>>> print(open('my_file-v6.cif').read())   # mmCIF, C-alpha atoms
data_entry
#
loop_
_atom_site.label_atom_id
_atom_site.label_comp_id
_atom_site.auth_asym_id
_atom_site.auth_seq_id
_atom_site.Cartn_x
_atom_site.Cartn_y
_atom_site.Cartn_z
CA MET A 1 -94.33 2.41 -14.12
CA ASN A 2 -93.01 -0.38 -16.18
CA ALA A 3 -90.54 1.98 -17.71
CA TYR A 4 -89.49 3.15 -14.24
CA ASN A 5 -89.23 -0.38 -12.98
CA HIS A 6 -87.27 -1.30 -16.03
CA CYS A 7 -84.83 1.56 -15.53
CA SER A 8 -84.65 0.89 -11.81
CA SER A 9 -84.00 -2.75 -12.41
CA THR A 10 -81.35 -1.94 -14.98
CA SER A 11 -79.71 0.56 -12.67
CA THR A 12 -79.73 -1.86 -9.76
CA GLY A 13 -78.35 -4.62 -11.93
CA ALA A 14 -75.57 -2.34 -13.15
CA LYS A 15 -74.63 -1.46 -9.57
CA GLN A 16 -74.59 -5.11 -8.64
CA ASN A 17 -72.40 -5.89 -11.61
CA ARG A 18 -70.03 -3.02 -10.74
CA SER A 19 -69.96 -4.20 -7.13
CA LYS A 20 -69.21 -7.72 -8.24
CA LYS A 21 -66.47 -6.55 -10.59
CA THR A 22 -64.91 -4.36 -7.92
CA LYS A 23 -64.91 -7.23 -5.44
CA ASN A 24 -63.28 -9.57 -7.94
CA SER A 25 -60.78 -6.89 -8.90
CA ASP A 26 -59.81 -6.36 -5.27
CA THR A 27 -59.37 -10.10 -4.84
CA GLN A 28 -57.22 -10.32 -7.94
CA VAL A 29 -55.00 -7.49 -6.68
CA ALA A 30 -54.80 -8.82 -3.12
CA LEU A 31 -53.95 -12.39 -4.16
CA PRO A 32 -50.60 -11.57 -5.89
CA ILE A 33 -49.60 -9.38 -2.94
CA PHE A 34 -50.40 -12.24 -0.57
CA ILE A 35 -48.41 -14.67 -2.71
CA ASP A 36 -45.42 -12.30 -2.86
CA ASP A 37 -45.50 -11.86 0.92
CA LEU A 38 -45.64 -15.61 1.39
CA LEU A 39 -42.77 -16.22 -1.06
CA GLU A 40 -40.67 -13.55 0.67
CA PHE A 41 -41.41 -15.12 4.06
CA ILE A 42 -40.21 -18.48 2.72
CA ALA A 43 -37.11 -17.04 1.02
CA LYS A 44 -35.87 -15.30 4.17
CA ARG A 45 -35.84 -18.60 6.05
CA LEU A 46 -33.75 -20.56 3.56
CA ASP A 47 -30.04 -21.29 3.68
CA VAL A 48 -27.83 -19.67 1.07
CA VAL A 49 -27.91 -22.62 -1.36
CA SER A 50 -31.69 -22.98 -1.18
CA PHE A 51 -32.05 -19.20 -1.53
CA CYS A 52 -30.12 -19.25 -4.82
CA ALA A 53 -32.16 -22.19 -6.10
CA PHE A 54 -35.41 -20.53 -4.99
CA GLY A 55 -34.52 -17.35 -6.89
CA ALA A 56 -33.98 -19.36 -10.08
CA THR A 57 -37.42 -20.98 -9.95
CA CYS A 58 -39.33 -18.32 -11.93
CA LYS A 59 -39.43 -14.60 -12.70
CA ARG A 60 -41.52 -13.84 -9.62
CA THR A 61 -39.17 -15.56 -7.14
CA ASN A 62 -36.16 -14.09 -8.94
CA LYS A 63 -37.55 -10.58 -8.50
CA ILE A 64 -38.33 -11.23 -4.82
CA CYS A 65 -34.88 -12.67 -4.08
CA HIS A 66 -33.19 -9.80 -5.88
CA ARG A 67 -35.14 -7.29 -3.77
CA ILE A 68 -34.32 -8.89 -0.41
CA LYS A 69 -30.83 -10.13 -1.28
CA GLU A 70 -28.84 -7.58 0.77
CA ASP A 71 -31.03 -8.03 3.82
CA PHE A 72 -30.79 -11.79 3.41
CA LEU A 73 -26.98 -11.69 3.18
CA GLN A 74 -26.77 -9.65 6.38
CA SER A 75 -28.93 -12.20 8.15
CA LEU A 76 -26.43 -15.03 7.49
CA ALA A 77 -24.20 -15.64 10.49
CA PRO A 78 -20.61 -16.86 9.98
CA LEU A 79 -20.05 -20.58 10.49
CA VAL A 80 -17.12 -22.13 12.35
CA VAL A 81 -15.20 -24.84 10.49
CA PHE A 82 -13.70 -27.41 12.84
CA THR A 83 -12.28 -30.87 12.44
CA SER A 84 -10.94 -33.90 14.25
CA THR A 85 -7.21 -33.79 14.88
CA HIS A 86 -7.07 -37.50 13.96
CA ASN A 87 -8.65 -37.26 10.52
CA MET A 88 -8.48 -33.55 9.66
CA VAL A 89 -10.36 -32.56 6.48
CA LYS A 90 -12.20 -35.87 6.01
CA THR A 91 -14.27 -35.29 9.14
CA SER A 92 -14.77 -31.53 9.07
CA TYR A 93 -17.90 -29.81 10.31
CA LEU A 94 -19.65 -26.47 10.10
CA PHE A 95 -20.88 -25.12 13.43
CA ASP A 96 -23.80 -22.68 13.45
CA MET A 97 -23.45 -20.59 16.60
CA ILE A 98 -27.05 -19.38 16.27
CA SER A 99 -28.72 -22.81 16.34
CA ARG A 100 -25.68 -24.39 18.08
CA LYS A 101 -25.91 -27.25 15.59
CA ASN A 102 -23.31 -28.96 13.41
CA MET A 103 -23.39 -29.84 9.73
CA LYS A 104 -20.91 -32.31 8.31
CA LEU A 105 -18.91 -31.05 5.34
CA ARG A 106 -19.32 -33.08 2.18
CA LEU A 107 -15.82 -32.96 0.72
CA ASN A 108 -14.96 -35.94 -1.44
CA ASN A 109 -11.58 -37.19 -2.63
CA MET A 110 -9.57 -35.32 0.01
CA ASP A 111 -6.60 -37.70 0.03
CA GLU A 112 -3.24 -35.91 -0.11
CA LYS A 113 -4.94 -32.52 -0.16
CA PHE A 114 -4.12 -29.75 2.29
CA LEU A 115 -6.41 -26.93 3.37
CA LEU A 116 -4.85 -23.52 2.73
CA GLY A 117 -7.74 -21.14 3.40
CA SER A 118 -10.79 -19.71 1.67
CA THR A 119 -11.74 -17.06 -0.88
CA GLU A 120 -15.15 -15.89 -2.08
CA GLY A 121 -16.96 -18.66 -0.22
CA TYR A 122 -14.67 -21.40 -1.59
CA MET A 123 -12.26 -23.45 0.52
CA ILE A 124 -8.77 -23.61 -0.97
CA PHE A 125 -6.82 -26.87 -1.17
CA ASP A 126 -3.34 -27.70 -2.41
CA LYS A 127 -2.49 -31.12 -3.82
CA LYS A 128 1.13 -32.21 -4.10
CA ARG A 129 2.59 -28.72 -3.91
CA GLY A 130 1.27 -26.58 -6.69
CA HIS A 131 -2.06 -27.95 -7.91
CA ILE A 132 -4.63 -25.59 -6.39
CA PHE A 133 -8.34 -26.25 -6.42
CA LEU A 134 -11.32 -24.59 -4.75
CA VAL A 135 -14.41 -26.24 -3.27
CA ASN A 136 -17.69 -24.65 -2.22
CA PRO A 137 -18.54 -26.63 0.95
CA LEU A 138 -22.25 -25.84 0.68
CA THR A 139 -22.80 -26.84 -2.95
CA GLY A 140 -19.82 -29.13 -3.64
CA HIS A 141 -18.89 -27.06 -6.73
CA GLN A 142 -15.17 -27.23 -7.56
CA LEU A 143 -12.76 -25.02 -9.48
CA SER A 144 -9.45 -26.57 -10.48
CA TYR A 145 -6.26 -24.75 -11.48
CA ASN A 146 -3.56 -26.49 -13.47
CA LYS A 147 -0.25 -27.01 -11.77
CA SER A 148 2.24 -24.26 -12.53
CA SER A 149 5.57 -25.11 -14.13
CA VAL A 150 7.22 -23.09 -11.36
CA ILE A 151 6.36 -24.07 -7.81
CA LEU A 152 6.37 -21.48 -5.05
CA ARG A 153 9.25 -22.20 -2.70
CA SER A 154 6.99 -21.84 0.32
CA THR A 155 3.37 -22.82 0.90
CA PRO A 156 1.10 -19.87 0.00
CA ARG A 157 -0.32 -18.10 3.04
CA HIS A 158 -4.02 -18.67 3.58
CA ASP A 159 -5.00 -15.02 3.07
CA HIS A 160 -2.78 -14.71 0.03
CA ILE A 161 -4.78 -16.81 -2.40
CA ILE A 162 -7.38 -14.53 -3.93
CA MET A 163 -10.02 -15.49 -6.47
CA ALA A 164 -11.41 -12.60 -8.46
CA THR A 165 -13.01 -11.89 -11.81
CA THR A 166 -11.88 -9.27 -14.28
CA LEU A 167 -14.37 -6.86 -15.79
CA GLY A 168 -14.23 -9.04 -18.89
CA LYS A 169 -15.63 -11.93 -16.81
CA HIS A 170 -12.35 -13.85 -16.90
CA ASN A 171 -11.17 -15.78 -13.89
CA VAL A 172 -8.12 -14.60 -11.97
CA LEU A 173 -6.35 -16.41 -9.14
CA LEU A 174 -3.48 -14.81 -7.26
CA ALA A 175 -1.18 -17.02 -5.20
CA VAL A 176 1.37 -15.36 -2.93
CA SER A 177 4.01 -16.67 -0.55
CA ASN A 178 6.09 -14.43 1.69
CA ASP A 179 7.91 -16.93 3.86
CA VAL A 180 11.03 -16.93 1.70
CA GLY A 181 13.87 -15.09 3.42
CA GLY A 182 11.87 -11.97 4.25
CA TRP A 183 10.59 -11.30 0.75
CA CYS A 184 7.63 -12.64 -1.20
CA GLU A 185 6.96 -14.36 -4.50
CA TYR A 186 3.72 -14.55 -6.42
CA GLN A 187 1.97 -16.18 -9.36
CA VAL A 188 -1.17 -15.14 -11.23
CA PHE A 189 -3.48 -17.55 -13.02
CA HIS A 190 -5.46 -15.79 -15.75
CA SER A 191 -8.17 -17.41 -17.86
CA SER A 192 -9.12 -15.50 -21.02
CA SER A 193 -9.46 -15.92 -24.76
CA ARG A 194 -5.74 -15.14 -25.13
CA ILE A 195 -4.33 -16.85 -22.06
CA ASP A 196 -5.34 -19.80 -19.93
CA GLY A 197 -2.72 -20.56 -17.33
CA TRP A 198 -0.17 -19.18 -14.91
CA LEU A 199 1.24 -15.94 -16.29
CA MET A 200 4.26 -15.26 -14.19
CA HIS A 201 6.53 -16.12 -11.34
CA CYS A 202 8.01 -13.01 -9.78
CA GLU A 203 9.74 -11.99 -6.62
CA ASP A 204 9.39 -8.78 -4.63
CA GLU A 205 11.55 -7.32 -1.89
CA GLN A 206 8.52 -6.14 0.07
CA ALA A 207 7.16 -8.75 2.46
CA TRP A 208 3.38 -8.64 2.33
CA VAL A 209 1.23 -9.66 5.27
CA ASP A 210 -2.15 -9.44 3.54
CA VAL A 211 -3.80 -8.76 0.19
CA ILE A 212 -7.42 -8.02 -0.74
CA VAL A 213 -9.67 -6.88 -3.61
CA PHE A 214 -11.23 -3.45 -3.03
CA LYS A 215 -12.98 -1.26 -5.62
CA ASN A 216 -11.65 -3.19 -8.60
CA ARG A 217 -8.05 -3.12 -7.37
CA PHE A 218 -5.71 -5.44 -5.51
CA TYR A 219 -4.43 -3.82 -2.30
CA LEU A 220 -1.63 -5.22 -0.20
CA LEU A 221 -0.22 -4.47 3.22
CA THR A 222 3.32 -4.76 4.59
CA SER A 223 4.36 -5.54 8.14
CA GLU A 224 5.07 -1.79 8.63
CA ALA A 225 1.45 -0.93 7.71
CA GLN A 226 2.49 0.38 4.30
CA LEU A 227 -0.39 0.19 1.82
CA GLY A 228 0.33 -0.78 -1.76
CA GLU A 229 -1.71 -1.21 -4.92
CA PHE A 230 -1.08 -3.32 -7.99
CA LYS A 231 -2.79 -4.02 -11.28
CA ILE A 232 -2.52 -6.83 -13.76
CA GLU A 233 -1.18 -5.44 -17.04
CA GLU A 234 -0.77 -8.02 -19.77
CA LEU A 235 1.86 -10.44 -18.46
CA TYR A 236 3.09 -8.59 -15.40
CA LEU A 237 1.97 -6.76 -12.27
CA LYS A 238 2.32 -3.01 -11.92
CA PHE A 239 2.98 -1.86 -8.35
CA ASN A 240 2.20 1.47 -6.77
CA TRP A 241 3.23 2.49 -3.25
CA PRO A 242 1.36 5.72 -2.39
CA VAL A 243 2.48 7.93 0.50
CA VAL A 244 -0.04 7.49 3.32
CA LYS A 245 -0.07 9.93 6.24
CA ASN A 246 -0.51 9.03 9.91
CA ASN A 247 1.04 5.63 9.36
CA PRO A 248 0.45 3.89 12.74
CA LYS A 249 3.06 2.00 14.68
CA VAL A 250 1.87 -1.59 14.56
CA ASN A 251 2.86 -4.45 16.82
CA SER A 252 1.42 -7.43 15.01
CA GLN A 253 3.07 -9.45 12.27
CA ASP A 254 -0.36 -10.70 11.28
CA LEU A 255 -2.10 -7.50 10.13
CA LYS A 256 -5.40 -7.92 8.28
CA LEU A 257 -7.14 -5.96 5.54
CA VAL A 258 -10.94 -6.05 5.82
CA VAL A 259 -13.55 -4.51 3.51
CA SER A 260 -16.89 -3.38 4.93
CA ASP A 261 -19.54 -0.82 3.90
CA ASP A 262 -17.40 0.31 0.97
CA LYS A 263 -14.47 1.11 3.28
CA LEU A 264 -11.04 -0.47 3.66
CA PHE A 265 -9.86 -1.25 7.20
CA MET A 266 -6.55 -2.40 8.69
CA VAL A 267 -6.78 -4.61 11.78
CA ASP A 268 -3.96 -4.99 14.30
CA PHE A 269 -5.12 -7.54 16.86
CA VAL A 270 -3.40 -9.96 19.23
CA ALA A 271 -5.69 -11.95 21.53
CA ASP A 272 -5.45 -11.00 25.22
CA GLU A 273 -3.02 -8.18 24.39
CA TYR A 274 -4.39 -5.37 22.25
CA PHE A 275 -6.81 -4.40 19.48
CA ASN A 276 -6.35 -1.49 17.07
CA ILE A 277 -8.29 -0.81 13.90
CA TYR A 278 -7.83 1.90 11.26
CA LYS A 279 -9.61 2.92 8.07
CA ILE A 280 -7.99 4.51 5.05
CA ASP A 281 -9.23 7.92 3.88
CA PHE A 282 -8.39 7.83 0.19
CA ASP A 283 -9.18 11.54 -0.30
CA ALA A 284 -6.66 12.66 2.34
CA MET A 285 -4.54 9.50 1.92
CA GLU A 286 -4.23 8.87 5.63
CA TRP A 287 -5.00 6.21 8.22
CA ILE A 288 -7.75 7.14 10.72
CA LYS A 289 -8.09 5.36 14.05
CA VAL A 290 -11.48 3.72 14.58
CA ASP A 291 -12.74 3.51 18.17
CA ASP A 292 -16.30 2.38 17.54
CA LEU A 293 -17.60 -0.23 15.09
CA GLY A 294 -21.25 0.71 15.69
CA GLU A 295 -23.57 -2.12 14.67
CA GLN A 296 -20.71 -4.16 13.26
CA ALA A 297 -18.28 -6.65 14.78
CA LEU A 298 -15.04 -8.23 13.56
CA PHE A 299 -14.68 -11.97 13.02
CA LEU A 300 -11.04 -13.08 13.22
CA GLY A 301 -8.99 -16.22 13.74
CA GLY A 302 -8.07 -19.37 11.85
CA LYS A 303 -7.17 -19.98 8.22
CA LEU A 304 -10.43 -19.01 6.56
CA GLY A 305 -10.35 -15.25 6.39
CA SER A 306 -11.76 -12.27 8.29
CA ALA A 307 -14.82 -10.07 7.88
CA MET A 308 -17.11 -7.50 9.48
CA LYS A 309 -20.72 -8.45 10.15
CA LYS A 310 -23.78 -7.09 11.97
CA PRO A 311 -24.42 -9.67 14.73
CA SER A 312 -27.46 -7.80 16.05
CA LYS A 313 -29.29 -9.46 13.15
CA TRP A 314 -28.86 -12.74 15.05
CA GLY A 315 -29.27 -11.30 18.56
CA TYR A 316 -25.54 -11.18 19.34
CA PRO A 317 -23.40 -8.27 20.66
CA SER A 318 -21.85 -5.77 18.23
CA ASN A 319 -18.91 -3.36 18.47
CA CYS A 320 -16.51 -6.13 19.49
CA VAL A 321 -14.23 -8.89 18.14
CA TYR A 322 -15.29 -12.51 17.73
CA PHE A 323 -11.98 -14.37 17.89
CA LEU A 324 -11.82 -18.07 17.13
CA GLN A 325 -9.53 -19.99 19.42
CA ASP A 326 -7.83 -22.96 17.82
CA SER A 327 -7.70 -25.91 20.19
CA PRO A 328 -9.98 -26.65 21.86
CA PRO A 329 -12.35 -24.71 19.55
CA ARG A 330 -13.86 -21.74 21.37
CA VAL A 331 -15.32 -18.36 20.37
CA CYS A 332 -13.95 -15.50 22.50
CA LEU A 333 -15.50 -12.03 22.48
CA TYR A 334 -13.17 -9.07 22.98
CA SER A 335 -14.10 -5.44 23.61
CA MET A 336 -12.73 -2.54 21.56
CA GLU A 337 -10.13 -2.17 24.33
CA GLY A 338 -8.91 -5.71 23.70
CA LYS A 339 -10.38 -7.18 26.91
CA ILE A 340 -12.25 -10.48 26.87
CA ILE A 341 -15.94 -10.06 27.69
CA ASP A 342 -17.41 -13.49 26.94
CA ASN A 343 -16.64 -16.90 25.46
CA PHE A 344 -18.39 -20.14 24.59
CA PRO A 345 -17.17 -23.54 23.37
CA ILE A 346 -17.74 -25.04 19.94
CA GLU A 347 -19.82 -28.15 20.39
CA GLY A 348 -18.15 -30.88 18.39
CA ASN A 349 -18.89 -34.40 17.24
CA PRO A 350 -19.63 -36.43 20.39
CA THR A 351 -17.62 -39.35 19.01
CA SER A 352 -14.49 -37.25 18.60
CA ALA A 353 -12.74 -36.02 21.73
CA GLU A 354 -9.93 -33.98 20.15
CA LEU A 355 -11.07 -31.12 17.93
CA CYS A 356 -9.48 -28.02 16.45
CA SER A 357 -10.91 -25.05 14.57
CA LEU A 358 -9.92 -24.10 11.03
CA GLY A 359 -11.52 -20.68 10.97
CA TRP A 360 -14.66 -18.74 10.07
CA TYR A 361 -16.60 -19.56 6.93
CA PHE A 362 -18.85 -16.81 5.53
CA PRO A 363 -21.66 -18.41 3.48
CA ASP A 364 -22.76 -15.10 1.95
CA GLN A 365 -19.44 -14.68 0.12
CA CYS A 366 -20.30 -17.35 -2.44
CA MET A 367 -23.09 -15.03 -3.65
CA LYS A 368 -20.73 -12.12 -4.28
CA VAL A 369 -18.10 -11.52 -6.94
CA ASN A 370 -14.98 -9.39 -6.48
CA TYR A 371 -13.92 -7.70 -9.69
CA VAL A 372 -10.46 -6.50 -10.65
CA VAL A 373 -9.49 -4.17 -13.46
CA ASP A 374 -7.90 -5.94 -16.42
CA GLU A 375 -5.67 -3.39 -18.11
#
>>> encode(input="my_file-v6.cif", output="structure tokens")
Amino acid sequence: MNAYNHCSSTSTGAKQNRSKKTKNSDTQVALPIFIDDLLEFIAKRLDVVSFCAFGATCKRTNKICHRIKEDFLQSLAPLVVFTSTHNMVKTSYLFDMISRKNMKLRLNNMDEKFLLGSTEGYMIFDKKRGHIFLVNPLTGHQLSYNKSSVILRSTPRHDHIIMATTLGKHNVLLAVSNDVGGWCEYQVFHSSSRIDGWLMHCEDEQAWVDVIVFKNRFYLLTSEAQLGEFKIEELYLKFNWPVVKNNPKVNSQDLKLVVSDDKLFMVDFVADEYFNIYKIDFDAMEWIKVDDLGEQALFLGGKLGSAMKKPSKWGYPSNCVYFLQDSPPRVCLYSMEGKIIDNFPIEGNPTSAELCSLGWYFPDQCMKVNYVVDE
């Protein structure tokens, strides 16, 4: 009896211990999952600067941010940059069309500096014709480029200043001007162990209307929709003009190259007149007309670049064009047929009556790096 009771007691105690251990084990497993879910919930509601800082806090947050990065980037709506016509850059603002709120840009020491455009999430400024520097408006981080000994004879076009990084992690800046008698000139700043400065000043008979980085290459576009490619080789650029079939007849002198979903698009758009978009099939080397953007929409207008985004993430219409009107600042939505379907004003600083837009700013671009091949 005692032996039985002893065994029974031991058996019962063992079960209780196992039950206790199992319960604690379940709690220990559930707690990290709960913490990860909470951290992910927090991360998805941060702005891009806070998201980057949050991911650098520890290994756990870094892993979470890395996992949700693409979804987070898609959730970031473009911001409208607008300013007072009386004080331009010094009183610039970012307008969030989702919250309909403004955020004042913190750009210091802007005297005698002129806004040229943006690249990779940085706003491009020119000081005294030739000294180019870049500013991230969200973080205040600046990149400065020494003044070239040869100054471009015309102010570089806003879409023709491209910041990229070679596969060797060296910084490359391409500055292009094509307002010189129908042809263009260009300079390349290259920072490496061998070179740190402007490499060249060259002229080309082809007048470019846009240039972009796509799949480790620079691609350019002429006013006749001719697609070109060039690579940086030592101290010069090597050009290639492939034969592309189905070259469309374009009407716009302001054609755009846009990269989205690993595809290269050409946009021919004039507000209130027409809208045509094509994608390049590199296997067949031909332009293909695009009639439906699906979940995506185009964001065009102003000096700060163009892009395709998925506005359904923010509850806005897709398969259309969001065109930014200059003055007064207004967002106009156009259908794929080029007809206006909606519009709404940009709410400015109540103390400033006269406002004008500078263009779209894409906050997610400062988290991406475009690479180019360094031959």
>>> atom_distance(input="my_file-v6.cif", atom1="CA of Lys263 (chain A)", atom2="CA of Tyr278 (chain A)")
10.4 Å
>>> resolve_selection(input="my_file-v6.cif", expression="the PyMOL selection byres ((chain A and resi 306) around 9)", output="PDB file with C-alpha atoms, in the frame of the given file")
ATOM      1  CA  ASP A 159      -5.000 -15.020   3.070  1.00  0.00           C
ATOM      2  CA  LYS A 256      -5.400  -7.920   8.280  1.00  0.00           C
ATOM      3  CA  LEU A 257      -7.140  -5.960   5.540  1.00  0.00           C
ATOM      4  CA  VAL A 258     -10.940  -6.050   5.820  1.00  0.00           C
ATOM      5  CA  LEU A 298     -15.040  -8.230  13.560  1.00  0.00           C
ATOM      6  CA  PHE A 299     -14.680 -11.970  13.020  1.00  0.00           C
ATOM      7  CA  LEU A 300     -11.040 -13.080  13.220  1.00  0.00           C
ATOM      8  CA  GLY A 301      -8.990 -16.220  13.740  1.00  0.00           C
ATOM      9  CA  GLY A 302      -8.070 -19.370  11.850  1.00  0.00           C
ATOM     10  CA  LYS A 303      -7.170 -19.980   8.220  1.00  0.00           C
ATOM     11  CA  LEU A 304     -10.430 -19.010   6.560  1.00  0.00           C
ATOM     12  CA  GLY A 305     -10.350 -15.250   6.390  1.00  0.00           C
ATOM     13  CA  ALA A 307     -14.820 -10.070   7.880  1.00  0.00           C
ATOM     14  CA  MET A 308     -17.110  -7.500   9.480  1.00  0.00           C
ATOM     15  CA  GLY A 359     -11.520 -20.680  10.970  1.00  0.00           C
ATOM     16  CA  TRP A 360     -14.660 -18.740  10.070  1.00  0.00           C
ATOM     17  CA  TYR A 361     -16.600 -19.560   6.930  1.00  0.00           C
ATOM     18  CA  PHE A 362     -18.850 -16.810   5.530  1.00  0.00           C
TER      19      PHE A 362
END
>>> resolve_selection(input="my_file-v6.cif", expression="the PyMOL selection byres ((chain A and resi 119) around 10)", output="PyMOL selection string")
chain A and resi 117-118+120-124+134-136+158-164+173+304-305+361-362+365-366
>>> resolve_selection(input="my_file-v6.cif", expression="the PyMOL selection byres ((chain A and resi 101-103) around 10)", output="number ranges by chain")
A: 79-82, 92-100, 104-106, 138, 346-349
>>> atom_distance(input="my_file-v6.cif", atom1="CA of Thr165 (chain A)", atom2="CA of Ala284 (chain A)")
29.0 Å
